[in-house]
Amino acid sequence: EVLLRLNLINTGHKGIVAVRLRISTFDLRGKPLQALDGVLMEFSEPVPQGASFGDEKTLRLPDGTSRVRPEITSATFVDGTVWESGDGPIGAEEPQTQTVPQGDAAAAGPQNGTRRETQSSGRRLFGFLGRNPRFRSGLIAAAAALILCCVGLFIFIIPSMRYGKAMKLLDSGEYLAAYEIFSRIDYSDSSEKALESYYLYAAALLDNGAFLEAAEAFGSLGDYSDSAQQVMAAKYGYASYLMNNADYAAAAEVFGSIPEYSDSKEKYNECMYEHALALMNGGQNKRAAEIFAALDYKDSKSLADACNYAYATELMDAGSFNEAYGVFTALGEYADSRQKAMECGYLYADSLEERGEYLQAAETFSSLSGYSDSAERA
């Protein structure tokens with residue numbers, strides 16, 4: 001967006017109530033872009049002769065615009081007449097005197113011929129001193145060119161002014177505000193400055209402990225500088241924060257997403273170990289055993305066996321003898337797991353007999369290899 005400011009002077013003899021403009025736009029190479037037609041300047045009171053008038057318009061220009069050329073396409077006067085660009089230069093035509101002969105008595109005087117003055121256009125935006133029409137035409141063209149050049153210079157200088165403001169914001173550490181300006185102008189190295197500003201904004205977020213916001217900001221920068229590395233640094237910082245607050249499961253998830261960064265692999269194992277300990281202490285032995293078994297960290301393997309033994313005991317106490325038998329059997333020589341497995345098998349076979357499932361009960365008793373009176377029961 002740019003600010004268009006026009007300042008004109010009505011040096012004609014008619015009051016002006018409206019002016020319409022066309023704003024032509026060009027890129028750095030002078031290639032025409034989209035033209036903005038119908039930019040209207042209206043006035044609640046007619047602008048009298050000798051008075052200055054103008055307006056400010058905020059316009060959204062096409063991407064890549066570096067230069068503009070305003071053109072006056074029409075002017076409406078207080079008497080309702082309208083000058084349009086197709087009528088020729090504004091104010092170039094002056095009242096002309098035309099002799100209209102009346103029959104053969106053209107030289108007989110006023111009684112036999114009528115000499116009348118006509119306004120050939122009578123629709124002027126500018127009037128000028130002097131009586132020479134060529135002088136007036138040249139003057140009006142020069143004035144119009146001067147006005148349009150001033151307008152073009154003003155519009156062209158706006159990005160420069162905004163660039164300077166953004167540089168001050170950048171130097172004062174207001175990185176996001178600087179980025180918002182740099183990203184909206186096409187001037188000098190504004191694109192590079194926009195990236196630099198946003199990078200510094202993301203770095204400030206990281207320094208202030210806003211890890212998630214920093215990771216998102218660095219991520220949006222793509223391959224700019226070391227943004228990808230900084231994304232991992234921000235995630236590491238966030239995971240460390242979670243770990244320090246005993247949110248081990250969440251911390252492990254984040255550390256696991258950046259295994260190649262710093263000591264994230266070790267931190268992941270540590271967090272999962274602590275998470276499994278918390279589950280074990282909370283009686284969630286099955287899930288704790290699964291986590292310990294997947295780790296190669298400290299005494300995780302022996303803790304996995306301890307949790308599985310506790311889980312199998314829970315099953316046995318709940319009457320789930322067959323499931324308990326399977327868990328105790330998998331534990332092998334851990335503690336008295338083998339003896340517990342035999343006991344669970346015997347109780348399971350007994351339950352089968354009570355339900356009348358004699359054949360399966362007999363097979364189960366037979367598999368217990370002399371435990372108690374299993375052979376007789378079979």
# chains A, B, ... in the order shown; residues from 1 in each chain; ligands from 1

call {"tool": "select_by_dssp", "arguments": {"residues": "region 153-341 of chain A", "states": "helix (DSSP H, G or I)", "output": "MDAnalysis selection string"}}
result
chainID A and resid 153:171 175:182 190:207 211:220 227:244 248:257 264:281 285:294 300:317 321:330 337:341

call {"tool": "write_last_selection", "arguments": {"atoms": "C-alpha atoms", "output": "short mmCIF file (atom, residue, chain, number, x, y, z; two decimals), in the first residue's frame"}}
result
data_model
loop_
_atom_site.label_atom_id
_atom_site.label_comp_id
_atom_site.auth_asym_id
_atom_site.auth_seq_id
_atom_site.Cartn_x
_atom_site.Cartn_y
_atom_site.Cartn_z
CA LEU A 153 8.40 11.36 -6.83
CA PHE A 154 6.26 11.42 -3.72
CA ILE A 155 4.88 7.95 -4.34
CA PHE A 156 8.33 6.60 -5.21
CA ILE A 157 9.86 8.07 -2.07
CA ILE A 158 7.24 6.48 0.23
CA PRO A 159 8.91 3.01 0.14
CA SER A 160 12.24 4.69 0.92
CA MET A 161 10.72 6.41 3.94
CA ARG A 162 9.14 3.18 5.14
CA TYR A 163 12.44 1.35 4.60
CA GLY A 164 14.19 3.92 6.80
CA LYS A 165 11.55 3.51 9.49
CA ALA A 166 11.91 -0.28 9.36
CA MET A 167 15.70 0.03 9.71
CA LYS A 168 15.25 2.13 12.85
CA LEU A 169 12.89 -0.48 14.28
CA LEU A 170 15.38 -3.21 13.43
CA ASP A 171 18.24 -1.34 15.11
CA TYR A 175 12.11 -7.06 15.07
CA LEU A 176 8.52 -8.06 14.39
CA ALA A 177 7.45 -4.48 13.63
CA ALA A 178 10.44 -4.13 11.30
CA TYR A 179 9.56 -7.40 9.59
CA GLU A 180 5.98 -6.28 8.96
CA ILE A 181 7.22 -3.19 7.10
CA PHE A 182 10.06 -4.86 5.19
CA SER A 190 13.84 -5.21 1.81
CA SER A 191 13.20 -8.91 1.11
CA GLU A 192 16.51 -9.89 2.72
CA LYS A 193 15.90 -7.49 5.60
CA ALA A 194 12.48 -9.04 6.16
CA LEU A 195 14.08 -12.46 6.59
CA GLU A 196 16.77 -11.05 8.86
CA SER A 197 14.18 -9.26 11.01
CA TYR A 198 12.05 -12.37 11.42
CA TYR A 199 15.11 -14.48 12.21
CA LEU A 200 16.09 -12.05 14.98
CA TYR A 201 12.48 -12.05 16.22
CA ALA A 202 12.58 -15.86 16.44
CA ALA A 203 15.97 -15.73 18.20
CA ALA A 204 14.54 -13.30 20.77
CA LEU A 205 11.65 -15.70 21.42
CA LEU A 206 14.15 -18.50 21.98
CA ASP A 207 16.25 -16.39 24.36
CA PHE A 211 10.29 -22.32 22.83
CA LEU A 212 7.18 -23.38 20.91
CA GLU A 213 6.72 -19.94 19.35
CA ALA A 214 10.41 -19.83 18.48
CA ALA A 215 10.29 -23.26 16.83
CA GLU A 216 7.30 -22.19 14.76
CA ALA A 217 8.94 -18.90 13.76
CA PHE A 218 12.23 -20.52 12.76
CA GLY A 219 10.31 -23.22 10.90
CA SER A 220 8.55 -20.62 8.76
CA SER A 227 16.91 -21.77 10.85
CA ALA A 228 16.57 -25.56 10.63
CA GLN A 229 19.19 -25.97 13.37
CA GLN A 230 17.46 -23.33 15.47
CA VAL A 231 14.16 -25.20 15.18
CA MET A 232 15.84 -28.18 16.86
CA ALA A 233 17.42 -25.91 19.47
CA ALA A 234 13.98 -24.52 20.32
CA LYS A 235 12.49 -28.01 20.56
CA TYR A 236 15.37 -29.13 22.77
CA GLY A 237 14.77 -26.17 25.05
CA TYR A 238 11.08 -27.00 25.27
CA ALA A 239 11.78 -30.68 25.99
CA SER A 240 14.25 -29.71 28.71
CA TYR A 241 11.62 -27.45 30.27
CA LEU A 242 9.13 -30.34 30.32
CA MET A 243 11.73 -32.68 31.77
CA ASN A 244 12.60 -30.24 34.56
CA TYR A 248 8.62 -37.04 31.30
CA ALA A 249 6.28 -38.54 28.70
CA ALA A 250 5.83 -35.22 26.87
CA ALA A 251 9.55 -34.45 27.15
CA ALA A 252 10.48 -37.86 25.74
CA GLU A 253 8.17 -37.29 22.77
CA VAL A 254 9.91 -34.02 21.91
CA PHE A 255 13.42 -35.38 22.47
CA GLY A 256 12.48 -38.32 20.26
CA SER A 257 11.62 -35.95 17.39
CA SER A 264 18.63 -35.86 22.70
CA LYS A 265 18.93 -39.66 22.43
CA GLU A 266 20.25 -39.95 25.97
CA LYS A 267 17.68 -37.46 27.23
CA TYR A 268 14.96 -39.52 25.56
CA ASN A 269 16.08 -42.69 27.34
CA GLU A 270 16.31 -40.86 30.66
CA CYS A 271 12.82 -39.42 30.32
CA MET A 272 11.29 -42.74 29.27
CA TYR A 273 13.01 -44.44 32.22
CA GLU A 274 11.63 -41.85 34.65
CA HIS A 275 8.20 -42.15 33.04
CA ALA A 276 8.24 -45.92 33.46
CA LEU A 277 9.30 -45.57 37.12
CA ALA A 278 6.34 -43.28 37.72
CA LEU A 279 4.00 -45.81 36.09
CA MET A 280 5.47 -48.65 38.17
CA ASN A 281 5.08 -46.66 41.38
CA ASN A 285 2.94 -52.50 35.94
CA LYS A 286 2.06 -53.79 32.48
CA ARG A 287 2.74 -50.45 30.71
CA ALA A 288 5.83 -49.86 32.83
CA ALA A 289 7.16 -53.32 31.92
CA GLU A 290 6.66 -52.57 28.19
CA ILE A 291 8.65 -49.32 28.43
CA PHE A 292 11.46 -50.81 30.52
CA ALA A 293 11.75 -53.76 28.13
CA ALA A 294 12.18 -51.39 25.15
CA SER A 300 15.66 -51.17 32.80
CA LYS A 301 15.76 -54.90 31.94
CA SER A 302 15.59 -56.07 35.55
CA LEU A 303 12.88 -53.51 36.27
CA ALA A 304 10.92 -54.88 33.31
CA ASP A 305 11.06 -58.36 34.94
CA ALA A 306 9.95 -56.91 38.27
CA CYS A 307 6.99 -55.18 36.68
CA ASN A 308 6.00 -58.29 34.73
CA TYR A 309 6.16 -60.38 37.93
CA ALA A 310 3.94 -57.84 39.71
CA TYR A 311 1.54 -57.81 36.77
CA ALA A 312 1.35 -61.64 36.71
CA THR A 313 0.62 -61.64 40.43
CA GLU A 314 -2.23 -59.19 39.86
CA LEU A 315 -3.68 -61.53 37.23
CA MET A 316 -3.35 -64.52 39.54
CA ASP A 317 -5.07 -62.68 42.37
CA PHE A 321 -4.91 -68.05 35.95
CA ASN A 322 -4.25 -68.81 32.29
CA GLU A 323 -2.95 -65.26 31.53
CA ALA A 324 -0.89 -65.26 34.72
CA TYR A 325 0.55 -68.65 33.76
CA GLY A 326 1.76 -67.17 30.43
CA VAL A 327 3.45 -64.15 32.06
CA PHE A 328 5.12 -66.23 34.81
CA THR A 329 6.34 -68.75 32.24
CA ALA A 330 7.89 -65.94 30.10
CA SER A 337 8.26 -67.41 38.55
CA ARG A 338 8.55 -71.07 37.54
CA GLN A 339 6.82 -72.23 40.73
CA LYS A 340 4.15 -69.54 40.31
CA ALA A 341 3.56 -70.66 36.73
#

call {"tool": "closest_residue", "arguments": {"among": "A:Asp263, A:Asp296, A:Asp223, A:Glu71", "to": "Leu36 (chain A)", "atoms": "only C-alpha atoms"}}
result
A:Glu71

call {"tool": "atom_distance", "arguments": {"atom1": "CA of Ala349 (chain A)", "atom2": "CA of Glu333 (chain A)"}}
result
22.7 Å

call {"tool": "atom_distance", "arguments": {"atom1": "CA of Glu84 (chain A)", "atom2": "CA of Pro62 (chain A)"}}
result
26.0 Å

call {"tool": "atom_distance", "arguments": {"atom1": "CA of Val82 (chain A)", "atom2": "CA of Pro32 (chain A)"}}
result
28.4 Å

call {"tool": "decode", "arguments": {"residues": "region 284-327 of chain A", "atoms": "N, CA and C atoms", "output": "PDB file, in the first residue's frame"}}
result
ATOM      1  N   GLN A 284       0.859 -49.206  37.530  1.00  0.00           N
ATOM      2  CA  GLN A 284       0.597 -49.542  36.128  1.00  0.00           C
ATOM      3  C   GLN A 284       1.751 -50.425  35.612  1.00  0.00           C
ATOM      4  N   ASN A 285       1.788 -51.635  36.164  1.00  0.00           N
ATOM      5  CA  ASN A 285       2.940 -52.504  35.936  1.00  0.00           C
ATOM      6  C   ASN A 285       3.073 -52.989  34.497  1.00  0.00           C
ATOM      7  N   LYS A 286       1.988 -53.268  33.839  1.00  0.00           N
ATOM      8  CA  LYS A 286       2.063 -53.785  32.476  1.00  0.00           C
ATOM      9  C   LYS A 286       2.695 -52.749  31.540  1.00  0.00           C
ATOM     10  N   ARG A 287       2.195 -51.502  31.574  1.00  0.00           N
ATOM     11  CA  ARG A 287       2.739 -50.454  30.705  1.00  0.00           C
ATOM     12  C   ARG A 287       4.182 -50.136  31.082  1.00  0.00           C
ATOM     13  N   ALA A 288       4.467 -50.119  32.384  1.00  0.00           N
ATOM     14  CA  ALA A 288       5.833 -49.860  32.832  1.00  0.00           C
ATOM     15  C   ALA A 288       6.782 -50.936  32.326  1.00  0.00           C
ATOM     16  N   ALA A 289       6.325 -52.202  32.392  1.00  0.00           N
ATOM     17  CA  ALA A 289       7.164 -53.316  31.922  1.00  0.00           C
ATOM     18  C   ALA A 289       7.460 -53.178  30.435  1.00  0.00           C
ATOM     19  N   GLU A 290       6.476 -52.744  29.640  1.00  0.00           N
ATOM     20  CA  GLU A 290       6.662 -52.575  28.193  1.00  0.00           C
ATOM     21  C   GLU A 290       7.727 -51.511  27.906  1.00  0.00           C
ATOM     22  N   ILE A 291       7.682 -50.409  28.660  1.00  0.00           N
ATOM     23  CA  ILE A 291       8.653 -49.324  28.433  1.00  0.00           C
ATOM     24  C   ILE A 291      10.048 -49.756  28.859  1.00  0.00           C
ATOM     25  N   PHE A 292      10.147 -50.347  30.045  1.00  0.00           N
ATOM     26  CA  PHE A 292      11.463 -50.811  30.518  1.00  0.00           C
ATOM     27  C   PHE A 292      12.074 -51.817  29.546  1.00  0.00           C
ATOM     28  N   ALA A 293      11.253 -52.712  29.026  1.00  0.00           N
ATOM     29  CA  ALA A 293      11.753 -53.756  28.127  1.00  0.00           C
ATOM     30  C   ALA A 293      12.295 -53.166  26.823  1.00  0.00           C
ATOM     31  N   ALA A 294      11.742 -52.014  26.407  1.00  0.00           N
ATOM     32  CA  ALA A 294      12.179 -51.393  25.148  1.00  0.00           C
ATOM     33  C   ALA A 294      13.429 -50.545  25.310  1.00  0.00           C
ATOM     34  N   LEU A 295      13.823 -50.289  26.557  1.00  0.00           N
ATOM     35  CA  LEU A 295      14.976 -49.427  26.806  1.00  0.00           C
ATOM     36  C   LEU A 295      16.251 -50.221  27.012  1.00  0.00           C
ATOM     37  N   ASP A 296      17.335 -49.608  26.648  1.00  0.00           N
ATOM     38  CA  ASP A 296      18.655 -50.141  26.988  1.00  0.00           C
ATOM     39  C   ASP A 296      19.338 -49.071  27.835  1.00  0.00           C
ATOM     40  N   TYR A 297      18.839 -48.951  29.074  1.00  0.00           N
ATOM     41  CA  TYR A 297      19.261 -47.837  29.914  1.00  0.00           C
ATOM     42  C   TYR A 297      19.274 -48.280  31.370  1.00  0.00           C
ATOM     43  N   LYS A 298      20.403 -48.102  32.022  1.00  0.00           N
ATOM     44  CA  LYS A 298      20.551 -48.445  33.442  1.00  0.00           C
ATOM     45  C   LYS A 298      20.055 -49.869  33.690  1.00  0.00           C
ATOM     46  N   ASP A 299      19.178 -50.061  34.707  1.00  0.00           N
ATOM     47  CA  ASP A 299      18.691 -51.385  35.093  1.00  0.00           C
ATOM     48  C   ASP A 299      17.293 -51.646  34.545  1.00  0.00           C
ATOM     49  N   SER A 300      17.014 -51.080  33.345  1.00  0.00           N
ATOM     50  CA  SER A 300      15.656 -51.166  32.803  1.00  0.00           C
ATOM     51  C   SER A 300      15.218 -52.619  32.572  1.00  0.00           C
ATOM     52  N   LYS A 301      16.140 -53.516  32.212  1.00  0.00           N
ATOM     53  CA  LYS A 301      15.757 -54.904  31.940  1.00  0.00           C
ATOM     54  C   LYS A 301      15.281 -55.612  33.205  1.00  0.00           C
ATOM     55  N   SER A 302      16.006 -55.424  34.303  1.00  0.00           N
ATOM     56  CA  SER A 302      15.591 -56.068  35.555  1.00  0.00           C
ATOM     57  C   SER A 302      14.296 -55.454  36.077  1.00  0.00           C
ATOM     58  N   LEU A 303      14.131 -54.153  35.855  1.00  0.00           N
ATOM     59  CA  LEU A 303      12.876 -53.506  36.273  1.00  0.00           C
ATOM     60  C   LEU A 303      11.712 -53.994  35.425  1.00  0.00           C
ATOM     61  N   ALA A 304      11.972 -54.314  34.158  1.00  0.00           N
ATOM     62  CA  ALA A 304      10.922 -54.879  33.310  1.00  0.00           C
ATOM     63  C   ALA A 304      10.465 -56.222  33.884  1.00  0.00           C
ATOM     64  N   ASP A 305      11.420 -57.067  34.331  1.00  0.00           N
ATOM     65  CA  ASP A 305      11.060 -58.355  34.936  1.00  0.00           C
ATOM     66  C   ASP A 305      10.252 -58.142  36.215  1.00  0.00           C
ATOM     67  N   ALA A 306      10.667 -57.173  37.019  1.00  0.00           N
ATOM     68  CA  ALA A 306       9.948 -56.911  38.272  1.00  0.00           C
ATOM     69  C   ALA A 306       8.516 -56.476  38.009  1.00  0.00           C
ATOM     70  N   CYS A 307       8.340 -55.655  37.002  1.00  0.00           N
ATOM     71  CA  CYS A 307       6.994 -55.183  36.680  1.00  0.00           C
ATOM     72  C   CYS A 307       6.142 -56.316  36.105  1.00  0.00           C
ATOM     73  N   ASN A 308       6.746 -57.161  35.289  1.00  0.00           N
ATOM     74  CA  ASN A 308       5.999 -58.288  34.732  1.00  0.00           C
ATOM     75  C   ASN A 308       5.589 -59.271  35.835  1.00  0.00           C
ATOM     76  N   TYR A 309       6.470 -59.493  36.801  1.00  0.00           N
ATOM     77  CA  TYR A 309       6.155 -60.382  37.931  1.00  0.00           C
ATOM     78  C   TYR A 309       4.979 -59.805  38.721  1.00  0.00           C
ATOM     79  N   ALA A 310       5.033 -58.481  38.971  1.00  0.00           N
ATOM     80  CA  ALA A 310       3.944 -57.841  39.714  1.00  0.00           C
ATOM     81  C   ALA A 310       2.641 -57.927  38.926  1.00  0.00           C
ATOM     82  N   TYR A 311       2.732 -57.747  37.615  1.00  0.00           N
ATOM     83  CA  TYR A 311       1.537 -57.812  36.774  1.00  0.00           C
ATOM     84  C   TYR A 311       0.951 -59.222  36.779  1.00  0.00           C
ATOM     85  N   ALA A 312       1.822 -60.247  36.701  1.00  0.00           N
ATOM     86  CA  ALA A 312       1.352 -61.635  36.706  1.00  0.00           C
ATOM     87  C   ALA A 312       0.681 -61.962  38.036  1.00  0.00           C
ATOM     88  N   THR A 313       1.222 -61.421  39.109  1.00  0.00           N
ATOM     89  CA  THR A 313       0.621 -61.641  40.428  1.00  0.00           C
ATOM     90  C   THR A 313      -0.762 -61.021  40.501  1.00  0.00           C
ATOM     91  N   GLU A 314      -0.910 -59.832  39.903  1.00  0.00           N
ATOM     92  CA  GLU A 314      -2.226 -59.188  39.859  1.00  0.00           C
ATOM     93  C   GLU A 314      -3.232 -60.070  39.109  1.00  0.00           C
ATOM     94  N   LEU A 315      -2.798 -60.653  38.013  1.00  0.00           N
ATOM     95  CA  LEU A 315      -3.679 -61.527  37.234  1.00  0.00           C
ATOM     96  C   LEU A 315      -4.074 -62.763  38.035  1.00  0.00           C
ATOM     97  N   MET A 316      -3.098 -63.324  38.733  1.00  0.00           N
ATOM     98  CA  MET A 316      -3.351 -64.523  39.538  1.00  0.00           C
ATOM     99  C   MET A 316      -4.361 -64.212  40.644  1.00  0.00           C
ATOM    100  N   ASP A 317      -4.163 -63.054  41.286  1.00  0.00           N
ATOM    101  CA  ASP A 317      -5.074 -62.682  42.373  1.00  0.00           C
ATOM    102  C   ASP A 317      -6.479 -62.405  41.850  1.00  0.00           C
ATOM    103  N   ALA A 318      -6.556 -62.007  40.590  1.00  0.00           N
ATOM    104  CA  ALA A 318      -7.868 -61.696  40.006  1.00  0.00           C
ATOM    105  C   ALA A 318      -8.539 -62.934  39.416  1.00  0.00           C
ATOM    106  N   GLY A 319      -7.859 -64.093  39.500  1.00  0.00           N
ATOM    107  CA  GLY A 319      -8.454 -65.324  38.979  1.00  0.00           C
ATOM    108  C   GLY A 319      -8.197 -65.542  37.502  1.00  0.00           C
ATOM    109  N   SER A 320      -7.337 -64.727  36.908  1.00  0.00           N
ATOM    110  CA  SER A 320      -7.008 -64.927  35.485  1.00  0.00           C
ATOM    111  C   SER A 320      -5.791 -65.840  35.405  1.00  0.00           C
ATOM    112  N   PHE A 321      -6.029 -67.125  35.775  1.00  0.00           N
ATOM    113  CA  PHE A 321      -4.906 -68.051  35.949  1.00  0.00           C
ATOM    114  C   PHE A 321      -4.156 -68.345  34.648  1.00  0.00           C
ATOM    115  N   ASN A 322      -4.906 -68.463  33.547  1.00  0.00           N
ATOM    116  CA  ASN A 322      -4.250 -68.806  32.293  1.00  0.00           C
ATOM    117  C   ASN A 322      -3.321 -67.673  31.824  1.00  0.00           C
ATOM    118  N   GLU A 323      -3.788 -66.407  31.926  1.00  0.00           N
ATOM    119  CA  GLU A 323      -2.949 -65.262  31.533  1.00  0.00           C
ATOM    120  C   GLU A 323      -1.741 -65.150  32.466  1.00  0.00           C
ATOM    121  N   ALA A 324      -1.986 -65.331  33.764  1.00  0.00           N
ATOM    122  CA  ALA A 324      -0.891 -65.257  34.725  1.00  0.00           C
ATOM    123  C   ALA A 324       0.140 -66.340  34.440  1.00  0.00           C
ATOM    124  N   TYR A 325      -0.349 -67.542  34.096  1.00  0.00           N
ATOM    125  CA  TYR A 325       0.552 -68.646  33.761  1.00  0.00           C
ATOM    126  C   TYR A 325       1.497 -68.250  32.619  1.00  0.00           C
ATOM    127  N   GLY A 326       0.946 -67.575  31.572  1.00  0.00           N
ATOM    128  CA  GLY A 326       1.758 -67.169  30.432  1.00  0.00           C
ATOM    129  C   GLY A 326       2.828 -66.158  30.811  1.00  0.00           C
ATOM    130  N   VAL A 327       2.486 -65.184  31.665  1.00  0.00           N
ATOM    131  CA  VAL A 327       3.452 -64.153  32.061  1.00  0.00           C
ATOM    132  C   VAL A 327       4.535 -64.757  32.945  1.00  0.00           C
TER     133      VAL A 327
END
